[in-house]
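See below for the structure under consideration.
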Amino acid sequence: MINTETNPADSKTIAINSTQMITPFLWFDGKVEEAINFYISVFPNSEIVNTHRLPGNSPGEAGKILTGTFRLNGVEFMVLDGGPMFTFNESISFFVKCETQQEVDHLWNALATDGGQEGRCGWLKDKYGVSWQIVPNALGRLLGDPNPQKAQNVMQAMMRMGKIIIAELQAAHDK
């Protein structure tokens, strides 16, 4: 939703997107259309917003998506087929909060398929090299326990995991 807001200091009116001010922008080396379709198939309530394809009279493959915008569960992303100059690495990742083990399992399994790489402590890379953290909300609640020994037990359990298992975190907390 676009609203307008006036800055009293300079009386200028600006347009703001009240639902999302910052949009992740992903640079791919080919496979933009494949990646968009993959991501919207993995996350609920997702959609393609727009795509811009190369016209027939331009250099490159006519009809190939050059840029696009899509939403994953309400979060907007932009993409560019920018070529091989830049690649993804773990210094940037997407932290995905999950309420249930079923959500964790679905996202973990979907994102780690077809060449994805499972990491430690809820981290993984998908087949395009994008890093994700699939984290159950229970982790934060259990790590925040006022009893330092219980919190430490949870941390130690999490450090041994790839995909985070809520029942194992809870068992470590309760021992």
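Naming works like this for the structure tokens: A, B, ... for the chains as they're shown, residue 1 at the start of each chain, ligands 1 onward in shown order.
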
Hey, what's within 8 Å of segment 86-89 of chain A if we count only C-alpha atoms and toss same-chain stuff fewer than 5 positions away? As a tab-separated table (two decimals) with C-alpha atoms, in the first residue's frame, please?
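Final file, around_39.tsv:
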chain	number	residue	atom	x	y	z
A	27	TRP	CA	21.46	-11.11	-9.02
A	28	PHE	CA	21.36	-14.37	-10.95
A	29	ASP	CA	23.52	-15.74	-13.73
A	129	GLY	CA	23.44	-20.60	-4.10
A	130	VAL	CA	21.11	-18.41	-2.02
A	131	SER	CA	21.58	-18.92	1.74

Please, which residues of chain A, numbered as in this document, come out strand (DSSP E) from DSSP, as a PDB file with C-alpha atoms, in the first residue's frame?
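Saved to result12.pdb:
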ATOM      1  CA  ILE A   2       1.405   3.403  -0.946  1.00  0.00           C
ATOM      2  CA  ASN A   3       0.789   6.268   1.446  1.00  0.00           C
ATOM      3  CA  THR A   4       2.060   9.801   1.362  1.00  0.00           C
ATOM      4  CA  GLU A   5       3.838  11.442   4.243  1.00  0.00           C
ATOM      5  CA  THR A   6       4.930  15.036   4.750  1.00  0.00           C
ATOM      6  CA  ASN A   7       8.216  15.780   6.449  1.00  0.00           C
ATOM      7  CA  LYS A  12       8.114  17.841   1.161  1.00  0.00           C
ATOM      8  CA  THR A  13       5.606  15.092   0.509  1.00  0.00           C
ATOM      9  CA  ILE A  14       7.041  11.665  -0.224  1.00  0.00           C
ATOM     10  CA  ALA A  15       5.449   8.392  -1.292  1.00  0.00           C
ATOM     11  CA  ILE A  16       6.113   5.455   0.987  1.00  0.00           C
ATOM     12  CA  ASN A  17       5.283   1.775   0.788  1.00  0.00           C
ATOM     13  CA  PHE A  25      17.463  -7.630  -4.883  1.00  0.00           C
ATOM     14  CA  LEU A  26      18.951 -10.901  -6.152  1.00  0.00           C
ATOM     15  CA  TRP A  27      21.462 -11.107  -9.022  1.00  0.00           C
ATOM     16  CA  PHE A  28      21.362 -14.370 -10.953  1.00  0.00           C
ATOM     17  CA  GLU A  47       3.109 -14.673  -6.544  1.00  0.00           C
ATOM     18  CA  ILE A  48       4.895 -13.174  -9.504  1.00  0.00           C
ATOM     19  CA  VAL A  49       4.305  -9.421  -9.530  1.00  0.00           C
ATOM     20  CA  ASN A  50       5.915  -8.620 -12.881  1.00  0.00           C
ATOM     21  CA  THR A  51       8.631  -9.641 -15.298  1.00  0.00           C
ATOM     22  CA  HIS A  52      10.495  -7.742 -17.981  1.00  0.00           C
ATOM     23  CA  ARG A  53      11.683  -9.844 -20.899  1.00  0.00           C
ATOM     24  CA  ILE A  65      13.490 -12.519 -18.252  1.00  0.00           C
ATOM     25  CA  LEU A  66      15.927  -9.697 -17.563  1.00  0.00           C
ATOM     26  CA  THR A  67      14.284  -8.379 -14.375  1.00  0.00           C
ATOM     27  CA  GLY A  68      11.301  -9.315 -12.294  1.00  0.00           C
ATOM     28  CA  THR A  69       9.514  -8.858  -9.021  1.00  0.00           C
ATOM     29  CA  PHE A  70       7.830 -11.531  -6.935  1.00  0.00           C
ATOM     30  CA  ARG A  71       6.419 -11.928  -3.425  1.00  0.00           C
ATOM     31  CA  LEU A  72       7.164 -14.756  -1.029  1.00  0.00           C
ATOM     32  CA  VAL A  75       7.735 -10.132   1.103  1.00  0.00           C
ATOM     33  CA  GLU A  76       8.690  -8.551  -2.203  1.00  0.00           C
ATOM     34  CA  PHE A  77      11.915  -9.536  -3.984  1.00  0.00           C
ATOM     35  CA  MET A  78      13.452  -8.205  -7.181  1.00  0.00           C
ATOM     36  CA  VAL A  79      15.668 -10.232  -9.504  1.00  0.00           C
ATOM     37  CA  LEU A  80      18.082  -9.504 -12.318  1.00  0.00           C
ATOM     38  CA  ASP A  81      19.723 -11.804 -14.818  1.00  0.00           C
ATOM     39  CA  SER A  93      21.000 -14.986   4.072  1.00  0.00           C
ATOM     40  CA  PHE A  94      17.247 -14.978   4.489  1.00  0.00           C
ATOM     41  CA  PHE A  95      16.053 -15.784   8.013  1.00  0.00           C
ATOM     42  CA  VAL A  96      12.723 -17.604   7.865  1.00  0.00           C
ATOM     43  CA  LYS A  97      10.700 -17.915  11.064  1.00  0.00           C
ATOM     44  CA  CYS A  98       8.589 -21.059  11.403  1.00  0.00           C
ATOM     45  CA  GLN A 117      23.484 -27.864   0.399  1.00  0.00           C
ATOM     46  CA  GLU A 118      22.424 -28.527   3.964  1.00  0.00           C
ATOM     47  CA  TRP A 123      21.418 -22.878   7.555  1.00  0.00           C
ATOM     48  CA  LEU A 124      21.280 -24.162   3.990  1.00  0.00           C
ATOM     49  CA  LYS A 125      22.026 -23.047   0.454  1.00  0.00           C
ATOM     50  CA  SER A 131      21.579 -18.920   1.744  1.00  0.00           C
ATOM     51  CA  TRP A 132      18.593 -19.452   4.041  1.00  0.00           C
ATOM     52  CA  GLN A 133      18.156 -19.892   7.773  1.00  0.00           C
ATOM     53  CA  ILE A 134      15.094 -22.005   8.547  1.00  0.00           C
ATOM     54  CA  VAL A 135      14.445 -21.364  12.230  1.00  0.00           C
ATOM     55  CA  PRO A 136      11.561 -22.414  14.456  1.00  0.00           C
TER      56      PRO A 136
END

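Take atom CA of Pro24 of chain A and atom CA of Phe43 of chain A: the distance between them is 15.9 Å.
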
Please identify all polymer residues within 12 Å of Leu169 of chain A, counting only C-alpha atoms, omitting same-chain residues fewer than 5 positions from it, and present them as an NGL selection string.
-> :A and (101 or 121 or 135-143 or 150-161 or 163-164 or 174-175)

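Atom pair atom CA of Asp105 of chain A / atom CA of Asn37 of chain A: separated by 20.0 Å.
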
Those of chain A in DSSP helix (DSSP H, G or I), formatted as a PyMOL selection string = chain A and resi 32-42+101-111+137-143+148-159+166-174

Pick out the closest residue to Asp145 of chain A from this set: A:Gly122, A:Gly56, A:His173, A:Gly63. Count only C-alpha atoms.
-> A:His173

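One finds atom CA of Gly30 of chain A at 19.8 Å from atom CA of Val42 of chain A.
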